[in-house]
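Visitor: One file is attached below, target-v9.tsv, containing TSV, C-alpha atoms and all ligand atoms.
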chain	number	residue	atom	x	y	z
A	1151	MET	CA	5.98	13.87	3.96
A	1152	ARG	CA	3.23	11.70	5.35
A	1153	VAL	CA	2.21	8.82	3.10
A	1154	GLY	CA	-0.83	6.59	3.59
A	1155	ILE	CA	-0.69	2.99	2.35
A	1156	LEU	CA	-3.81	0.98	1.69
A	1157	SER	CA	-4.55	-2.23	-0.19
A	1158	ASP	CA	-7.05	-4.99	-0.91
A	1159	SER	CA	-10.23	-3.21	0.09
A	1160	HIS	CA	-12.09	-5.30	-2.49
A	1161	GLY	CA	-14.90	-2.84	-3.04
A	1162	ASP	CA	-15.85	-2.31	0.60
A	1163	TYR	CA	-15.84	1.46	0.83
A	1164	ARG	CA	-17.03	1.50	4.42
A	1165	TYR	CA	-13.62	0.16	5.50
A	1166	ILE	CA	-11.86	2.87	3.54
A	1167	ASP	CA	-14.05	5.37	5.37
A	1168	GLN	CA	-12.99	3.82	8.69
A	1169	ALA	CA	-9.32	4.10	7.76
A	1170	LEU	CA	-9.78	7.72	6.76
A	1171	ALA	CA	-11.49	8.47	10.06
A	1172	HIS	CA	-8.41	7.22	11.98
A	1173	LYS	CA	-6.56	10.10	13.60
A	1174	GLU	CA	-3.27	8.98	12.04
A	1175	ALA	CA	-4.81	9.34	8.59
A	1176	GLN	CA	-5.78	12.96	9.00
A	1177	ASP	CA	-2.65	14.62	7.69
A	1178	VAL	CA	-1.70	12.10	5.00
A	1179	GLU	CA	-0.50	14.04	1.96
A	1180	VAL	CA	-0.34	11.27	-0.62
A	1181	TRP	CA	-1.83	7.77	-0.71
A	1182	LEU	CA	-0.43	4.57	-2.17
A	1183	PHE	CA	-2.97	1.94	-3.23
A	1184	ALA	CA	-1.49	-1.50	-3.89
A	1185	GLY	CA	-4.40	-2.95	-5.87
A	1186	ASP	CA	-7.64	-4.90	-5.55
A	1187	ILE	CA	-9.63	-3.18	-6.65
A	1188	ALA	CA	-9.13	-0.21	-8.94
A	1189	MET	CA	-12.35	1.61	-8.25
A	1190	ASP	CA	-11.46	1.79	-4.57
A	1191	ALA	CA	-8.43	3.89	-5.46
A	1192	ASP	CA	-10.76	6.22	-7.34
A	1193	TYR	CA	-13.00	6.41	-4.29
A	1194	LEU	CA	-10.00	7.15	-2.07
A	1195	ALA	CA	-8.95	9.99	-4.37
A	1196	MET	CA	-12.47	11.36	-4.50
A	1197	VAL	CA	-13.08	11.48	-0.76
A	1198	THR	CA	-9.59	12.65	0.26
A	1199	ASP	CA	-8.90	14.99	-2.66
A	1200	LYS	CA	-5.27	13.80	-2.43
A	1201	GLU	CA	-3.04	12.22	-5.01
A	1202	VAL	CA	-3.44	8.42	-5.06
A	1203	ILE	CA	-0.65	6.42	-6.68
A	1204	LYS	CA	-2.18	3.10	-7.69
A	1205	VAL	CA	-1.47	-0.21	-9.38
A	1206	ALA	CA	-3.58	-3.09	-10.63
A	1207	GLY	CA	-4.32	-6.14	-8.52
A	1208	ASN	CA	-4.95	-9.66	-9.76
A	1209	ASN	CA	-8.67	-8.99	-9.41
A	1210	ASP	CA	-8.42	-5.91	-11.60
A	1211	TRP	CA	-9.27	-6.97	-15.09
A	1212	PRO	CA	-6.48	-7.63	-17.58
A	1213	GLY	CA	-6.01	-4.84	-20.09
A	1214	GLY	CA	-7.41	-2.47	-17.52
A	1215	ARG	CA	-6.49	1.09	-16.94
A	1216	LEU	CA	-3.94	0.62	-14.18
A	1217	PRO	CA	-0.24	-0.23	-14.46
A	1218	ASP	CA	1.26	-3.30	-12.78
A	1219	TYR	CA	4.04	-1.21	-11.23
A	1220	GLU	CA	4.68	2.36	-10.28
A	1221	THR	CA	7.67	4.13	-8.83
A	1222	ALA	CA	7.32	7.29	-6.80
A	1223	ASP	CA	10.05	9.67	-5.63
A	1224	ILE	CA	9.01	11.18	-2.33
A	1225	ALA	CA	11.17	13.11	0.15
A	1226	GLY	CA	14.46	11.63	-0.99
A	1227	HIS	CA	13.14	8.07	-1.12
A	1228	THR	CA	12.11	5.95	-4.09
A	1229	ILE	CA	9.12	3.68	-3.65
A	1230	PHE	CA	8.37	0.67	-5.85
A	1231	LEU	CA	4.64	-0.08	-5.73
A	1232	THR	CA	3.07	-3.26	-7.07
A	1233	HIS	CA	0.30	-5.64	-6.04
A	1234	GLY	CA	2.70	-8.55	-5.54
A	1235	HIS	CA	1.10	-11.49	-7.36
A	1236	LEU	CA	3.53	-11.03	-10.28
A	1237	PHE	CA	6.45	-11.52	-7.88
A	1238	GLY	CA	5.18	-14.63	-6.10
A	1239	VAL	CA	4.96	-12.87	-2.75
A	1240	GLY	CA	3.11	-15.83	-1.28
A	1241	PHE	CA	6.39	-17.78	-1.51
A	1242	GLY	CA	8.91	-15.16	-0.44
A	1243	LEU	CA	9.93	-11.56	-0.91
A	1244	HIS	CA	13.27	-11.87	-2.72
A	1245	ASN	CA	11.81	-11.32	-6.20
A	1246	LEU	CA	10.05	-8.22	-4.98
A	1247	ALA	CA	13.18	-6.91	-3.26
A	1248	GLN	CA	15.20	-7.51	-6.42
A	1249	ALA	CA	12.64	-5.66	-8.56
A	1250	ALA	CA	12.87	-2.72	-6.18
A	1251	VAL	CA	16.68	-2.75	-6.31
A	1252	ASP	CA	16.52	-2.89	-10.13
A	1253	VAL	CA	14.63	0.41	-10.28
A	1254	GLY	CA	16.74	2.03	-7.56
A	1255	ALA	CA	14.00	1.95	-4.94
A	1256	ASP	CA	14.74	1.80	-1.22
A	1257	ILE	CA	11.13	0.99	-0.33
A	1258	ALA	CA	8.82	-1.66	-1.83
A	1259	VAL	CA	5.09	-1.65	-1.17
A	1260	TYR	CA	2.82	-4.56	-2.03
A	1261	GLY	CA	-0.47	-6.15	-1.00
A	1262	HIS	CA	-2.25	-9.30	-2.19
A	1263	THR	CA	-1.56	-11.57	0.79
A	1264	HIS	CA	-3.84	-9.60	3.16
A	1265	ILE	CA	-1.11	-10.01	5.79
A	1266	ALA	CA	0.72	-6.95	7.09
A	1267	VAL	CA	4.52	-6.94	6.72
A	1268	ASP	CA	7.23	-4.46	7.68
A	1269	THR	CA	10.69	-5.88	7.08
A	1270	LEU	CA	14.10	-5.15	5.59
A	1271	LEU	CA	15.44	-7.39	2.83
A	1272	ASP	CA	18.47	-6.68	0.61
A	1273	ASP	CA	18.51	-3.13	2.02
A	1274	VAL	CA	14.95	-2.60	0.79
A	1275	ARG	CA	12.26	-1.68	3.32
A	1276	ILE	CA	9.37	-3.93	2.36
A	1277	LEU	CA	5.87	-2.97	3.42
A	1278	ASN	CA	2.49	-4.62	3.11
A	1279	PRO	CA	-0.35	-2.71	4.77
A	1280	GLY	CA	-2.49	-5.85	4.93
A	1281	SER	CA	-6.12	-5.69	3.85
A	1282	ILE	CA	-8.43	-3.02	5.11
A	1283	SER	CA	-11.54	-5.16	4.55
A	1284	ARG	CA	-10.51	-8.83	4.48
A	1285	PRO	CA	-7.56	-9.26	6.86
A	1286	ARG	CA	-6.01	-12.71	7.18
A	1287	ASP	CA	-3.68	-11.86	10.06
A	1288	ALA	CA	-6.07	-10.35	12.60
A	1289	ARG	CA	-9.72	-9.68	13.14
A	1290	ASN	CA	-9.56	-6.03	12.17
A	1291	GLY	CA	-8.41	-4.65	8.86
A	1292	SER	CA	-5.19	-2.69	8.61
A	1293	PHE	CA	-3.41	0.06	6.74
A	1294	MET	CA	-0.17	1.99	7.19
A	1295	VAL	CA	1.02	5.53	7.56
A	1296	MET	CA	4.65	6.27	6.72
A	1297	ASN	CA	6.63	9.41	7.45
A	1298	LEU	CA	9.36	10.08	4.93
A	1299	GLU	CA	12.22	12.51	5.44
A	1300	VAL	CA	15.40	12.99	3.42
A	1301	ASP	CA	18.34	10.95	4.75
A	1302	LYS	CA	16.23	9.27	7.43
A	1303	SER	CA	14.78	5.79	7.62
A	1304	PRO	CA	11.05	5.66	6.93
A	1305	ARG	CA	8.95	5.72	10.09
A	1306	VAL	CA	6.09	3.30	9.54
A	1307	LYS	CA	3.02	2.68	11.65
A	1308	LEU	CA	0.67	-0.26	11.14
A	1309	LEU	CA	-2.84	0.84	12.06
A	1310	ARG	CA	-5.94	-1.26	12.63
A	1311	ILE	CA	-9.50	-0.10	12.25
B	1	MN	MN	-4.89	-9.70	-4.80
Can you dump the structure from the file as structure tokens?

Guide:
Amino acid sequence: MRVGILSDSHGDYRYIDQALAHKEAQDVEVWLFAGDIAMDADYLAMVTDKEVIKVAGNNDWPGGRLPDYETADIAGHTIFLTHGHLFGVGFGLHNLAQAAVDVGADIAVYGHTHIAVDTLLDDVRILNPGSISRPRDARNGSFMVMNLEVDKSPRVKLLRI
């Protein structure tokens, strides 16, 4: 299963369009959107006609329509998806890794920092696709595509537009 991961587009649809035009994005079957902002996830669903699993960011209004966390079971893996601000990801990833372990997830996906991350912590593969529109780690925005297969480690590619 091919999973696209996108975050922190902050209302700039043209960058989502650029990500979707990337050749690696063509056969994505399900998208994860890690927040900021909610309407971008709706746009992503509309233009791709794929399922978009989404969570609220800190710039998505309180009491809004999106959950703070989601878990998704895909191809023998369990993914914990959250924006990250509730776990203090600016200061370290242990709280996030623990939250993933607590729900039995082997993969944690977050955003918020606008800095791409692909690391292993406490046996949890931790991924941040960076920001597609306002990157803080490079000039060009980024997103990820992840291939998931049962009993295999996720194969993750960081892609820049
Ligand atoms: Mn944020």

Visitor: For a quick check of understanding, using all atoms listed in the file, which of A:Val1153, A:Val1306, A:Ala1288, A:Ile1257 has the smallest distance to Ile1229 of chain A?

Guide: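 Among A:Val1153, A:Val1306, A:Ala1288, A:Ile1257, it is A:Ile1257 that comes nearest to Ile1229 of chain A.
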
Visitor: Got a sec to check which residues lie within 10 Å of ligand MN 1 (chain B), using all atoms listed in the file, and send them as a ChimeraX atom specification?

Guide: /A:1157-1160,1184-1187,1206-1210,1233-1235,1260-1264,1281

Visitor: Find, counting all atoms listed in the file, the residue in A:Val1202, A:Ile1265, A:Val1259, A:Ala1175 that gets nearest to Ile1311 of chain A.

Guide: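 Looking only at the distances to Ile1311 of chain A, the closest residue turns out to be A:Ala1175.
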
Visitor: Tell me, in Å to one decimal, how far atom CA of Gly1238 of chain A is from atom CA of Asp1218 of chain A.

Guide: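 According to the coordinates, atom CA of Gly1238 of chain A and atom CA of Asp1218 of chain A are separated by 13.7 Å.
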
Visitor: Just checking: using only C-alpha atoms, which residue out of A:Asp1192, A:Trp1181, A:Glu1174, A:Leu1271 ends up closest to Ile1224 of chain A?

Guide: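 Closest to Ile1224 of chain A of all the choices is A:Trp1181.
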
Visitor: Give me the residues within 12 Å of segment 1245-1254 of chain A as an MDAnalysis selection string, counting all atoms listed in the file and dropping any in the same chain fewer than 6 places off.

Guide: chainID A and resid 1219:1223 1226:1239 1260:1261 1269:1278

Visitor: Would you mind putting N, CA, C and O atoms back on segment 1168-1185 of chain A and writing the result as an mmCIF file, in the coordinates of the input?

Guide:
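Output below, filename result08.cif:
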data_model
loop_
_atom_site.group_PDB
_atom_site.id
_atom_site.type_symbol
_atom_site.label_atom_id
_atom_site.label_comp_id
_atom_site.auth_asym_id
_atom_site.auth_seq_id
_atom_site.Cartn_x
_atom_site.Cartn_y
_atom_site.Cartn_z
ATOM 1 N N GLN A 1168 -13.501 4.020 7.320
ATOM 2 C CA GLN A 1168 -12.990 3.820 8.690
ATOM 3 C C GLN A 1168 -11.511 4.148 8.783
ATOM 4 O O GLN A 1168 -11.058 4.734 9.770
ATOM 5 N N ALA A 1169 -10.754 3.768 7.759
ATOM 6 C CA ALA A 1169 -9.320 4.100 7.760
ATOM 7 C C ALA A 1169 -9.142 5.609 7.728
ATOM 8 O O ALA A 1169 -8.323 6.164 8.477
ATOM 9 N N LEU A 1170 -9.917 6.263 6.900
ATOM 10 C CA LEU A 1170 -9.780 7.720 6.760
ATOM 11 C C LEU A 1170 -10.202 8.465 8.018
ATOM 12 O O LEU A 1170 -9.769 9.590 8.254
ATOM 13 N N ALA A 1171 -11.045 7.842 8.816
ATOM 14 C CA ALA A 1171 -11.490 8.470 10.060
ATOM 15 C C ALA A 1171 -10.446 8.322 11.175
ATOM 16 O O ALA A 1171 -10.521 9.001 12.202
ATOM 17 N N HIS A 1172 -9.468 7.436 10.985
ATOM 18 C CA HIS A 1172 -8.410 7.220 11.980
ATOM 19 C C HIS A 1172 -7.605 8.505 12.153
ATOM 20 O O HIS A 1172 -7.276 9.166 11.187
ATOM 21 N N LYS A 1173 -7.244 8.820 13.382
ATOM 22 C CA LYS A 1173 -6.560 10.100 13.600
ATOM 23 C C LYS A 1173 -5.213 10.155 12.876
ATOM 24 O O LYS A 1173 -4.791 11.215 12.431
ATOM 25 N N GLU A 1174 -4.569 9.002 12.731
ATOM 26 C CA GLU A 1174 -3.270 8.980 12.040
ATOM 27 C C GLU A 1174 -3.390 9.261 10.547
ATOM 28 O O GLU A 1174 -2.403 9.534 9.877
ATOM 29 N N ALA A 1175 -4.614 9.143 10.030
ATOM 30 C CA ALA A 1175 -4.810 9.340 8.590
ATOM 31 C C ALA A 1175 -5.107 10.790 8.233
ATOM 32 O O ALA A 1175 -5.153 11.142 7.052
ATOM 33 N N GLN A 1176 -5.265 11.618 9.260
ATOM 34 C CA GLN A 1176 -5.780 12.960 9.000
ATOM 35 C C GLN A 1176 -4.855 13.829 8.157
ATOM 36 O O GLN A 1176 -5.300 14.577 7.311
ATOM 37 N N ASP A 1177 -3.555 13.725 8.417
ATOM 38 C CA ASP A 1177 -2.650 14.620 7.690
ATOM 39 C C ASP A 1177 -1.819 13.899 6.631
ATOM 40 O O ASP A 1177 -0.727 14.335 6.273
ATOM 41 N N VAL A 1178 -2.346 12.790 6.136
ATOM 42 C CA VAL A 1178 -1.700 12.100 5.000
ATOM 43 C C VAL A 1178 -1.744 13.017 3.785
ATOM 44 O O VAL A 1178 -2.773 13.603 3.466
ATOM 45 N N GLU A 1179 -0.593 13.133 3.117
ATOM 46 C CA GLU A 1179 -0.500 14.040 1.960
ATOM 47 C C GLU A 1179 -0.597 13.321 0.632
ATOM 48 O O GLU A 1179 -0.979 13.909 -0.380
ATOM 49 N N VAL A 1180 -0.207 12.057 0.606
ATOM 50 C CA VAL A 1180 -0.340 11.270 -0.620
ATOM 51 C C VAL A 1180 -0.635 9.824 -0.223
ATOM 52 O O VAL A 1180 -0.144 9.346 0.808
ATOM 53 N N TRP A 1181 -1.458 9.154 -1.001
ATOM 54 C CA TRP A 1181 -1.830 7.770 -0.710
ATOM 55 C C TRP A 1181 -1.229 6.838 -1.756
ATOM 56 O O TRP A 1181 -1.164 7.181 -2.941
ATOM 57 N N LEU A 1182 -0.833 5.652 -1.280
ATOM 58 C CA LEU A 1182 -0.430 4.570 -2.170
ATOM 59 C C LEU A 1182 -1.507 3.492 -2.069
ATOM 60 O O LEU A 1182 -1.886 3.099 -0.959
ATOM 61 N N PHE A 1183 -1.984 3.021 -3.225
ATOM 62 C CA PHE A 1183 -2.970 1.940 -3.230
ATOM 63 C C PHE A 1183 -2.388 0.770 -4.001
ATOM 64 O O PHE A 1183 -2.108 0.883 -5.194
ATOM 65 N N ALA A 1184 -2.233 -0.363 -3.318
ATOM 66 C CA ALA A 1184 -1.490 -1.500 -3.890
ATOM 67 C C ALA A 1184 -2.369 -2.501 -4.631
ATOM 68 O O ALA A 1184 -1.948 -3.635 -4.870
ATOM 69 N N GLY A 1185 -3.585 -2.095 -4.994
ATOM 70 C CA GLY A 1185 -4.400 -2.950 -5.870
ATOM 71 C C GLY A 1185 -5.517 -3.693 -5.172
ATOM 72 O O GLY A 1185 -5.567 -3.804 -3.941
#
